[in-house]
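A.B. asks: Provided below: model-v6.pdb, containing PDB, C-alpha atoms.
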ATOM      1  CA  MET A   1    -145.959  70.039  27.389  1.00  0.00           C
ATOM      2  CA  ASN A   2    -148.459  72.578  28.637  1.00  0.00           C
ATOM      3  CA  LEU A   3    -148.367  75.309  31.231  1.00  0.00           C
ATOM      4  CA  TYR A   4    -150.976  75.255  33.977  1.00  0.00           C
ATOM      5  CA  GLU A   5    -151.934  77.461  36.893  1.00  0.00           C
ATOM      6  CA  HIS A   6    -153.424  75.438  39.697  1.00  0.00           C
ATOM      7  CA  THR A   7    -155.097  76.881  42.796  1.00  0.00           C
ATOM      8  CA  ILE A   8    -156.449  75.018  45.812  1.00  0.00           C
ATOM      9  CA  VAL A   9    -158.451  76.345  48.754  1.00  0.00           C
ATOM     10  CA  ALA A  10    -158.005  74.584  52.100  1.00  0.00           C
ATOM     11  CA  ARG A  11    -160.231  74.763  55.189  1.00  0.00           C
ATOM     12  CA  GLN A  12    -159.882  77.658  57.591  1.00  0.00           C
ATOM     13  CA  ASP A  13    -158.816  75.504  60.549  1.00  0.00           C
ATOM     14  CA  THR A  14    -155.816  73.843  58.890  1.00  0.00           C
ATOM     15  CA  SER A  15    -152.590  74.494  60.776  1.00  0.00           C
ATOM     16  CA  PRO A  16    -149.521  75.962  59.026  1.00  0.00           C
ATOM     17  CA  SER A  17    -147.722  72.629  59.255  1.00  0.00           C
ATOM     18  CA  GLN A  18    -150.663  70.932  57.554  1.00  0.00           C
ATOM     19  CA  ILE A  19    -150.503  73.455  54.722  1.00  0.00           C
ATOM     20  CA  VAL A  20    -146.838  72.645  54.199  1.00  0.00           C
ATOM     21  CA  GLN A  21    -147.788  68.981  54.129  1.00  0.00           C
ATOM     22  CA  LEU A  22    -150.469  69.633  51.520  1.00  0.00           C
ATOM     23  CA  THR A  23    -148.100  71.527  49.227  1.00  0.00           C
ATOM     24  CA  GLU A  24    -145.520  68.743  49.539  1.00  0.00           C
ATOM     25  CA  LYS A  25    -148.109  66.064  48.904  1.00  0.00           C
ATOM     26  CA  TYR A  26    -149.376  67.604  45.681  1.00  0.00           C
ATOM     27  CA  SER A  27    -145.985  68.628  44.359  1.00  0.00           C
ATOM     28  CA  LYS A  28    -144.886  65.016  44.827  1.00  0.00           C
ATOM     29  CA  ILE A  29    -147.828  63.846  42.745  1.00  0.00           C
ATOM     30  CA  VAL A  30    -146.808  66.265  40.007  1.00  0.00           C
ATOM     31  CA  GLU A  31    -143.232  65.029  39.997  1.00  0.00           C
ATOM     32  CA  LYS A  32    -144.334  61.388  39.892  1.00  0.00           C
ATOM     33  CA  ASN A  33    -146.239  62.029  36.672  1.00  0.00           C
ATOM     34  CA  GLU A  34    -143.256  63.597  34.884  1.00  0.00           C
ATOM     35  CA  GLY A  35    -144.403  67.135  35.600  1.00  0.00           C
ATOM     36  CA  ASP A  36    -142.508  70.088  36.957  1.00  0.00           C
ATOM     37  CA  VAL A  37    -143.556  72.615  39.609  1.00  0.00           C
ATOM     38  CA  VAL A  38    -142.139  75.932  38.448  1.00  0.00           C
ATOM     39  CA  GLN A  39    -143.380  78.044  41.358  1.00  0.00           C
ATOM     40  CA  THR A  40    -145.555  77.767  44.450  1.00  0.00           C
ATOM     41  CA  GLN A  41    -147.257  80.736  46.072  1.00  0.00           C
ATOM     42  CA  ASP A  42    -148.888  80.755  49.489  1.00  0.00           C
ATOM     43  CA  TRP A  43    -151.558  83.440  49.439  1.00  0.00           C
ATOM     44  CA  GLY A  44    -152.397  82.861  53.090  1.00  0.00           C
ATOM     45  CA  LEU A  45    -155.723  83.067  54.899  1.00  0.00           C
ATOM     46  CA  LEU A  46    -158.227  85.084  52.853  1.00  0.00           C
ATOM     47  CA  HIS A  47    -161.868  85.955  53.366  1.00  0.00           C
ATOM     48  CA  LEU A  48    -164.196  83.918  51.162  1.00  0.00           C
ATOM     49  CA  ALA A  49    -166.815  85.893  49.273  1.00  0.00           C
ATOM     50  CA  TYR A  50    -169.472  83.403  50.327  1.00  0.00           C
ATOM     51  CA  VAL A  51    -169.683  80.573  52.842  1.00  0.00           C
ATOM     52  CA  ILE A  52    -168.457  77.173  51.602  1.00  0.00           C
ATOM     53  CA  LYS A  53    -169.193  74.185  53.852  1.00  0.00           C
ATOM     54  CA  LYS A  54    -169.540  76.491  56.902  1.00  0.00           C
ATOM     55  CA  ASN A  55    -166.154  78.110  56.217  1.00  0.00           C
ATOM     56  CA  ARG A  56    -165.817  81.887  56.169  1.00  0.00           C
ATOM     57  CA  LYS A  57    -162.094  81.948  55.393  1.00  0.00           C
ATOM     58  CA  GLY A  58    -159.800  79.788  53.332  1.00  0.00           C
ATOM     59  CA  ASN A  59    -156.128  79.048  52.886  1.00  0.00           C
ATOM     60  CA  TYR A  60    -155.111  79.589  49.273  1.00  0.00           C
ATOM     61  CA  ILE A  61    -152.193  77.758  47.658  1.00  0.00           C
ATOM     62  CA  HIS A  62    -151.183  78.462  44.079  1.00  0.00           C
ATOM     63  CA  PHE A  63    -149.015  76.267  41.844  1.00  0.00           C
ATOM     64  CA  LYS A  64    -147.481  76.939  38.468  1.00  0.00           C
ATOM     65  CA  ILE A  65    -147.065  73.578  36.771  1.00  0.00           C
ATOM     66  CA  LYS A  66    -145.385  72.480  33.561  1.00  0.00           C
ATOM     67  CA  GLY A  67    -146.507  69.108  32.312  1.00  0.00           C
ATOM     68  CA  ASN A  68    -148.943  66.977  30.346  1.00  0.00           C
ATOM     69  CA  GLY A  69    -152.675  66.740  30.833  1.00  0.00           C
ATOM     70  CA  LYS A  70    -152.138  63.462  32.663  1.00  0.00           C
ATOM     71  CA  VAL A  71    -150.666  65.364  35.610  1.00  0.00           C
ATOM     72  CA  ILE A  72    -153.793  67.454  36.047  1.00  0.00           C
ATOM     73  CA  LYS A  73    -156.027  64.419  35.794  1.00  0.00           C
ATOM     74  CA  GLU A  74    -154.117  62.714  38.576  1.00  0.00           C
ATOM     75  CA  LEU A  75    -154.055  65.874  40.721  1.00  0.00           C
ATOM     76  CA  GLU A  76    -157.773  66.511  40.497  1.00  0.00           C
ATOM     77  CA  LYS A  77    -158.564  62.883  41.177  1.00  0.00           C
ATOM     78  CA  ASN A  78    -156.709  63.114  44.485  1.00  0.00           C
ATOM     79  CA  GLU A  79    -158.074  66.541  45.371  1.00  0.00           C
ATOM     80  CA  SER A  80    -161.705  65.591  44.903  1.00  0.00           C
ATOM     81  CA  ILE A  81    -161.294  63.004  47.670  1.00  0.00           C
ATOM     82  CA  ASP A  82    -159.330  65.242  50.046  1.00  0.00           C
ATOM     83  CA  LYS A  83    -161.450  66.439  52.974  1.00  0.00           C
ATOM     84  CA  ASN A  84    -159.168  69.362  53.836  1.00  0.00           C
ATOM     85  CA  LEU A  85    -159.874  71.130  50.567  1.00  0.00           C
ATOM     86  CA  LEU A  86    -162.858  73.276  49.643  1.00  0.00           C
ATOM     87  CA  ARG A  87    -162.127  74.112  46.004  1.00  0.00           C
ATOM     88  CA  TYR A  88    -159.577  73.504  43.282  1.00  0.00           C
ATOM     89  CA  MET A  89    -159.154  75.062  39.878  1.00  0.00           C
ATOM     90  CA  THR A  90    -156.754  74.658  36.967  1.00  0.00           C
ATOM     91  CA  VAL A  91    -156.283  77.130  34.146  1.00  0.00           C
ATOM     92  CA  ARG A  92    -154.114  76.522  31.095  1.00  0.00           C
ATOM     93  CA  VAL A  93    -152.041  79.566  30.178  1.00  0.00           C
ATOM     94  CA  LYS A  94    -149.736  80.423  27.327  1.00  0.00           C
ATOM     95  CA  LYS A  95    -147.215  82.283  29.446  1.00  0.00           C
ATOM     96  CA  PHE A  96    -146.351  82.463  33.124  1.00  0.00           C
ATOM     97  CA  ASP A  97    -145.870  85.800  34.814  1.00  0.00           C
ATOM     98  CA  LEU A  98    -143.688  84.741  37.684  1.00  0.00           C
ATOM     99  CA  GLU A  99    -143.190  88.191  39.149  1.00  0.00           C
ATOM    100  CA  ALA A 100    -146.743  89.273  39.887  1.00  0.00           C
ATOM    101  CA  ASN A 101    -148.153  88.144  43.208  1.00  0.00           C
ATOM    102  CA  TYR A 102    -151.427  90.015  43.552  1.00  0.00           C
ATOM    103  CA  PHE A 103    -152.046  88.909  47.098  1.00  0.00           C
ATOM    104  CA  LYS A 104    -148.877  89.272  49.134  1.00  0.00           C
ATOM    105  CA  LYS A 105    -147.657  92.620  47.880  1.00  0.00           C
ATOM    106  CA  ASN A 106    -151.065  94.204  47.639  1.00  0.00           C
ATOM    107  CA  GLU A 107    -152.130  93.466  51.193  1.00  0.00           C
ATOM    108  CA  ASP A 108    -149.402  95.603  52.727  1.00  0.00           C
ATOM    109  CA  THR A 109    -149.565  98.460  50.226  1.00  0.00           C
ATOM    110  CA  VAL A 110    -153.370  98.604  50.093  1.00  0.00           C
ATOM    111  CA  ASN A 111    -153.773  98.682  53.845  1.00  0.00           C
ATOM    112  CA  LYS A 112    -151.246 101.471  54.209  1.00  0.00           C
ATOM    113  CA  THR A 113    -152.781 103.643  51.488  1.00  0.00           C
ATOM    114  CA  GLN A 114    -156.296 103.142  52.791  1.00  0.00           C
ATOM    115  CA  ARG A 115    -155.289 104.127  56.287  1.00  0.00           C
ATOM    116  CA  LYS A 116    -153.655 107.278  55.017  1.00  0.00           C
ATOM    117  CA  ARG A 117    -156.735 108.310  53.096  1.00  0.00           C
ATOM    118  CA  TYR A 118    -159.152 108.008  55.955  1.00  0.00           C
TER     119      TYR A 118
ATOM    120  CA  MET B   1    -190.275 122.658  22.886  1.00  0.00           C
ATOM    121  CA  LYS B   2    -186.512 122.394  23.034  1.00  0.00           C
ATOM    122  CA  LYS B   3    -186.652 118.946  24.533  1.00  0.00           C
ATOM    123  CA  LYS B   4    -188.848 117.682  21.747  1.00  0.00           C
ATOM    124  CA  ARG B   5    -186.484 118.980  19.101  1.00  0.00           C
ATOM    125  CA  LEU B   6    -183.503 117.273  20.728  1.00  0.00           C
ATOM    126  CA  GLY B   7    -185.374 114.006  20.861  1.00  0.00           C
ATOM    127  CA  SER B   8    -186.109 114.088  17.167  1.00  0.00           C
ATOM    128  CA  LYS B   9    -182.485 114.841  16.396  1.00  0.00           C
ATOM    129  CA  LYS B  10    -181.304 111.763  18.260  1.00  0.00           C
ATOM    130  CA  LYS B  11    -183.485 109.502  16.203  1.00  0.00           C
ATOM    131  CA  THR B  12    -182.417 110.864  12.834  1.00  0.00           C
ATOM    132  CA  GLN B  13    -178.709 111.190  13.504  1.00  0.00           C
ATOM    133  CA  SER B  14    -176.872 111.654  10.209  1.00  0.00           C
ATOM    134  CA  ASN B  15    -173.207 112.415   9.653  1.00  0.00           C
ATOM    135  CA  PHE B  16    -174.069 116.079   9.315  1.00  0.00           C
ATOM    136  CA  ALA B  17    -175.629 116.131  12.757  1.00  0.00           C
ATOM    137  CA  LYS B  18    -172.363 114.969  14.317  1.00  0.00           C
ATOM    138  CA  LEU B  19    -170.431 117.786  12.683  1.00  0.00           C
ATOM    139  CA  SER B  20    -172.783 120.606  13.492  1.00  0.00           C
ATOM    140  CA  ILE B  21    -171.586 123.201  15.964  1.00  0.00           C
ATOM    141  CA  PHE B  22    -174.824 123.282  17.909  1.00  0.00           C
ATOM    142  CA  GLN B  23    -174.558 119.672  18.949  1.00  0.00           C
ATOM    143  CA  PRO B  24    -173.300 118.953  22.462  1.00  0.00           C
ATOM    144  CA  ASN B  25    -169.775 117.591  22.790  1.00  0.00           C
ATOM    145  CA  LYS B  26    -170.718 114.046  23.662  1.00  0.00           C
ATOM    146  CA  TYR B  27    -171.702 113.305  20.093  1.00  0.00           C
ATOM    147  CA  LYS B  28    -168.372 114.398  18.701  1.00  0.00           C
ATOM    148  CA  PHE B  29    -166.056 112.325  20.853  1.00  0.00           C
ATOM    149  CA  LYS B  30    -166.162 108.640  21.526  1.00  0.00           C
ATOM    150  CA  LYS B  31    -164.295 107.222  24.507  1.00  0.00           C
ATOM    151  CA  SER B  32    -161.804 104.488  23.720  1.00  0.00           C
ATOM    152  CA  CYS B  33    -161.532 101.197  25.547  1.00  0.00           C
ATOM    153  CA  PRO B  34    -159.476 101.610  28.755  1.00  0.00           C
ATOM    154  CA  LEU B  35    -158.090  98.062  28.573  1.00  0.00           C
ATOM    155  CA  SER B  36    -156.908  98.090  24.944  1.00  0.00           C
ATOM    156  CA  VAL B  37    -154.570 101.057  25.377  1.00  0.00           C
ATOM    157  CA  LYS B  38    -150.810 100.529  25.471  1.00  0.00           C
ATOM    158  CA  GLY B  39    -149.591  99.747  28.953  1.00  0.00           C
ATOM    159  CA  ALA B  40    -153.019  98.656  30.144  1.00  0.00           C
ATOM    160  CA  PRO B  41    -153.187  96.069  32.947  1.00  0.00           C
ATOM    161  CA  ILE B  42    -153.578  92.407  31.979  1.00  0.00           C
ATOM    162  CA  VAL B  43    -157.008  90.933  32.646  1.00  0.00           C
ATOM    163  CA  ASP B  44    -156.517  88.038  35.023  1.00  0.00           C
ATOM    164  CA  TYR B  45    -158.666  86.148  37.508  1.00  0.00           C
ATOM    165  CA  LYS B  46    -156.137  86.864  40.256  1.00  0.00           C
ATOM    166  CA  ASN B  47    -156.243  90.635  39.832  1.00  0.00           C
ATOM    167  CA  ILE B  48    -159.293  91.255  41.988  1.00  0.00           C
ATOM    168  CA  ARG B  49    -158.885  95.010  42.235  1.00  0.00           C
ATOM    169  CA  LEU B  50    -159.151  95.345  38.463  1.00  0.00           C
ATOM    170  CA  LEU B  51    -162.138  93.006  38.208  1.00  0.00           C
ATOM    171  CA  LYS B  52    -164.044  94.808  40.948  1.00  0.00           C
ATOM    172  CA  LYS B  53    -163.852  98.019  38.931  1.00  0.00           C
ATOM    173  CA  TYR B  54    -166.024  96.477  36.239  1.00  0.00           C
ATOM    174  CA  MET B  55    -168.651  94.967  38.505  1.00  0.00           C
ATOM    175  CA  SER B  56    -171.636  96.450  40.303  1.00  0.00           C
ATOM    176  CA  GLU B  57    -171.825  96.427  44.080  1.00  0.00           C
ATOM    177  CA  ASN B  58    -174.109  93.420  43.996  1.00  0.00           C
ATOM    178  CA  GLY B  59    -171.462  91.461  42.122  1.00  0.00           C
ATOM    179  CA  LYS B  60    -172.985  91.680  38.655  1.00  0.00           C
ATOM    180  CA  ILE B  61    -170.828  92.221  35.591  1.00  0.00           C
ATOM    181  CA  SER B  62    -171.428  95.740  34.278  1.00  0.00           C
ATOM    182  CA  PRO B  63    -172.362  96.037  30.580  1.00  0.00           C
ATOM    183  CA  SER B  64    -169.762  97.202  28.079  1.00  0.00           C
ATOM    184  CA  ARG B  65    -171.946 100.027  26.798  1.00  0.00           C
ATOM    185  CA  ILE B  66    -171.498 101.742  30.154  1.00  0.00           C
ATOM    186  CA  THR B  67    -167.818 100.968  30.741  1.00  0.00           C
ATOM    187  CA  ASN B  68    -166.748 101.446  27.081  1.00  0.00           C
ATOM    188  CA  ILE B  69    -164.803  98.205  26.971  1.00  0.00           C
ATOM    189  CA  SER B  70    -164.154  96.570  23.618  1.00  0.00           C
ATOM    190  CA  GLN B  71    -165.938  93.358  22.757  1.00  0.00           C
ATOM    191  CA  LYS B  72    -162.768  91.277  22.930  1.00  0.00           C
ATOM    192  CA  LYS B  73    -161.760  92.553  26.359  1.00  0.00           C
ATOM    193  CA  GLN B  74    -165.312  92.206  27.695  1.00  0.00           C
ATOM    194  CA  ARG B  75    -165.211  88.514  26.845  1.00  0.00           C
ATOM    195  CA  GLU B  76    -161.901  88.132  28.680  1.00  0.00           C
ATOM    196  CA  LEU B  77    -163.287  90.051  31.658  1.00  0.00           C
ATOM    197  CA  SER B  78    -166.420  87.968  31.975  1.00  0.00           C
ATOM    198  CA  LEU B  79    -164.413  84.736  31.806  1.00  0.00           C
ATOM    199  CA  SER B  80    -161.968  85.832  34.488  1.00  0.00           C
ATOM    200  CA  ILE B  81    -164.737  87.181  36.728  1.00  0.00           C
ATOM    201  CA  LYS B  82    -166.429  83.798  36.566  1.00  0.00           C
ATOM    202  CA  ARG B  83    -163.169  82.068  37.448  1.00  0.00           C
ATOM    203  CA  ALA B  84    -162.685  84.333  40.445  1.00  0.00           C
ATOM    204  CA  ARG B  85    -166.254  83.663  41.565  1.00  0.00           C
ATOM    205  CA  ASN B  86    -165.606  79.941  41.540  1.00  0.00           C
ATOM    206  CA  LEU B  87    -162.651  80.420  43.885  1.00  0.00           C
ATOM    207  CA  ALA B  88    -164.800  82.683  46.126  1.00  0.00           C
ATOM    208  CA  LEU B  89    -162.429  85.613  45.593  1.00  0.00           C
ATOM    209  CA  ILE B  90    -165.222  87.997  44.550  1.00  0.00           C
TER     210      ILE B  90
END
Take the structure in the file and write it out as structure tokens.

C.D. replies:
Amino acid sequence: MNLYEHTIVARQDTSPSQIVQLTEKYSKIVEKNEGDVVQTQDWGLLHLAYVIKKNRKGNYIHFKIKGNGKVIKELEKNESIDKNLLRYMTVRVKKFDLEANYFKKNEDTVNKTQRKRY
Amino acid sequence: MKKKRLGSKKKTQSNFAKLSIFQPNKYKFKKSCPLSVKGAPIVDYKNIRLLKKYMSENGKISPSRITNISQKKQRELSLSIKRARNLALI
């Protein structure tokens, strides 16, 4: 069994209900292939650094998956066909840090501190 | 004249030159790597604020001789910067 971090970027005009559908769809695929979703994070709508397929923003969804390499193969096969997605990436890690969420916490604190400074 | 002398000293820098009192301070001390210290932040492709510190404004990776990062950490940095680029985070 390996530990994977899996991130997908969806189009900017996907509705919140569609995003929930996407997360359910891919976590089902993981469970079918004897994998286990340890954690899901919704990073929300973020600005892309460069334009991808005429999209300026993207919805980021992050999975932490425990399973064999077969799971990832099946996931990426389905994601490459999906028209709602712009990018996907998997990284194998040795250890999960389940506490750190760089995107949700930071947004609030960063904005507040920046406003104070100026 | 003074400038010329300094230039020649740089080229022939022996151990004695480092110890001499007349040398400026920058030869005596060497900065340590800011990411190898105890309690340093973990290099990760999700930690954009950390990665942006070690990049130029144009998005290039800055060389380790300027940022004083150890060879091992520089390799980690460059890998995670490239991962973040692929996800369009940077």

A.B. asks: For the file shown, what are the residues hit by the PyMOL selection byres ((chain B) within 9 of (chain A)), laid out as a list of chain:residue names?

C.D. replies: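 Selected by the PyMOL selection byres ((chain B) within 9 of (chain A)) in this file: B:Lys46, B:Asn47, B:Ile48, B:Arg83, B:Arg85, B:Asn86, B:Leu87, B:Ala88, B:Leu89, B:Ile90.
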
A.B. asks: Between atom CA of Asn2 of chain A and atom CA of Thr40 of chain A, what distance in Å does the model show, to one decimal?

C.D. replies: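 Interatomic distance here is 16.9 Å.
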
A.B. asks: For Gln41 of chain A, please output as a ChimeraX atom specification all residues within 7 Å (counting all atoms listed in the file; exclusion window: fewer than 5 positions along the same chain).

C.D. replies: /A:61-63

A.B. asks: Could you state the separation of atom CA of Lys82 of chain B and atom CA of Val37 of chain A in Å, given to one decimal place?

C.D. replies: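 Atom-to-atom, atom CA of Lys82 of chain B to atom CA of Val37 of chain A, that is 25.6 Å.
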
A.B. asks: Please list as a PyMOL selection string every residue within 9 Å of Thr67 of chain B, counting only C-alpha atoms and excluding residues in the same chain fewer than 4 positions away.

C.D. replies: chain B and resi 33-34+54+62-63

A.B. asks: Could you tell me how far atom CA of Asp42 of chain A sits from atom CA of Tyr4 of chain A, in Å to one decimal place?

C.D. replies: 16.6 Å

A.B. asks: Might you spell out which residues the PyMOL selection byres ((chain A and resi 78-81) around 12) would select in the displayed file, as a ChimeraX atom specification?

C.D. replies: /A:6-10,22-23,25-26,28-30,71-77,82-90

A.B. asks: Which neighbours of Leu98 of chain A fall inside 9 Å, counting only C-alpha atoms, when residues of the same chain fewer than 4 positions from it are skipped, and could you give them as number ranges by chain?

C.D. replies: A: 38-39, 64

A.B. asks: Name the residues captured by the PyMOL selection byres ((chain B and resi 51) around 10) when it is applied to the shown file; answer as an MDAnalysis selection string.

C.D. replies: chainID B and resid 43:50 52:55 61 77:78 80:81 84 90

A.B. asks: Please save C-alpha atoms of the selected residues as a short mmCIF file (atom, residue, chain, number, x, y, z; two decimals), keeping the file's coordinate frame.

C.D. replies:
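Below is the file selection.cif, written as the result:
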data_model
loop_
_atom_site.label_atom_id
_atom_site.label_comp_id
_atom_site.auth_asym_id
_atom_site.auth_seq_id
_atom_site.Cartn_x
_atom_site.Cartn_y
_atom_site.Cartn_z
CA VAL B 43 -157.01 90.93 32.65
CA ASP B 44 -156.52 88.04 35.02
CA TYR B 45 -158.67 86.15 37.51
CA LYS B 46 -156.14 86.86 40.26
CA ASN B 47 -156.24 90.64 39.83
CA ILE B 48 -159.29 91.26 41.99
CA ARG B 49 -158.88 95.01 42.24
CA LEU B 50 -159.15 95.34 38.46
CA LYS B 52 -164.04 94.81 40.95
CA LYS B 53 -163.85 98.02 38.93
CA TYR B 54 -166.02 96.48 36.24
CA MET B 55 -168.65 94.97 38.51
CA ILE B 61 -170.83 92.22 35.59
CA LEU B 77 -163.29 90.05 31.66
CA SER B 78 -166.42 87.97 31.98
CA SER B 80 -161.97 85.83 34.49
CA ILE B 81 -164.74 87.18 36.73
CA ALA B 84 -162.68 84.33 40.44
CA ILE B 90 -165.22 88.00 44.55
#

A.B. asks: I'd like the neighbourhood of Ile69 of chain B as JSON, numbers by chain, where a residue qualifies if any of its atoms comes within 9 Å (using only C-alpha atoms), though same-chain residues fewer than 3 positions away should be ignored.

C.D. replies: {"B": [32, 33, 34, 35, 36, 63, 64, 65, 66, 72, 73, 74]}

A.B. asks: Keeping C-alpha atoms, export the residues of the selection given above as a PDB file, in the frame of the given file.

C.D. replies:
ATOM      1  CA  SER B  32    -161.804 104.488  23.720  1.00  0.00           C
ATOM      2  CA  CYS B  33    -161.532 101.197  25.547  1.00  0.00           C
ATOM      3  CA  PRO B  34    -159.476 101.610  28.755  1.00  0.00           C
ATOM      4  CA  LEU B  35    -158.090  98.062  28.573  1.00  0.00           C
ATOM      5  CA  SER B  36    -156.908  98.090  24.944  1.00  0.00           C
ATOM      6  CA  PRO B  63    -172.362  96.037  30.580  1.00  0.00           C
ATOM      7  CA  SER B  64    -169.762  97.202  28.079  1.00  0.00           C
ATOM      8  CA  ARG B  65    -171.946 100.027  26.798  1.00  0.00           C
ATOM      9  CA  ILE B  66    -171.498 101.742  30.154  1.00  0.00           C
ATOM     10  CA  LYS B  72    -162.768  91.277  22.930  1.00  0.00           C
ATOM     11  CA  LYS B  73    -161.760  92.553  26.359  1.00  0.00           C
ATOM     12  CA  GLN B  74    -165.312  92.206  27.695  1.00  0.00           C
TER      13      GLN B  74
END
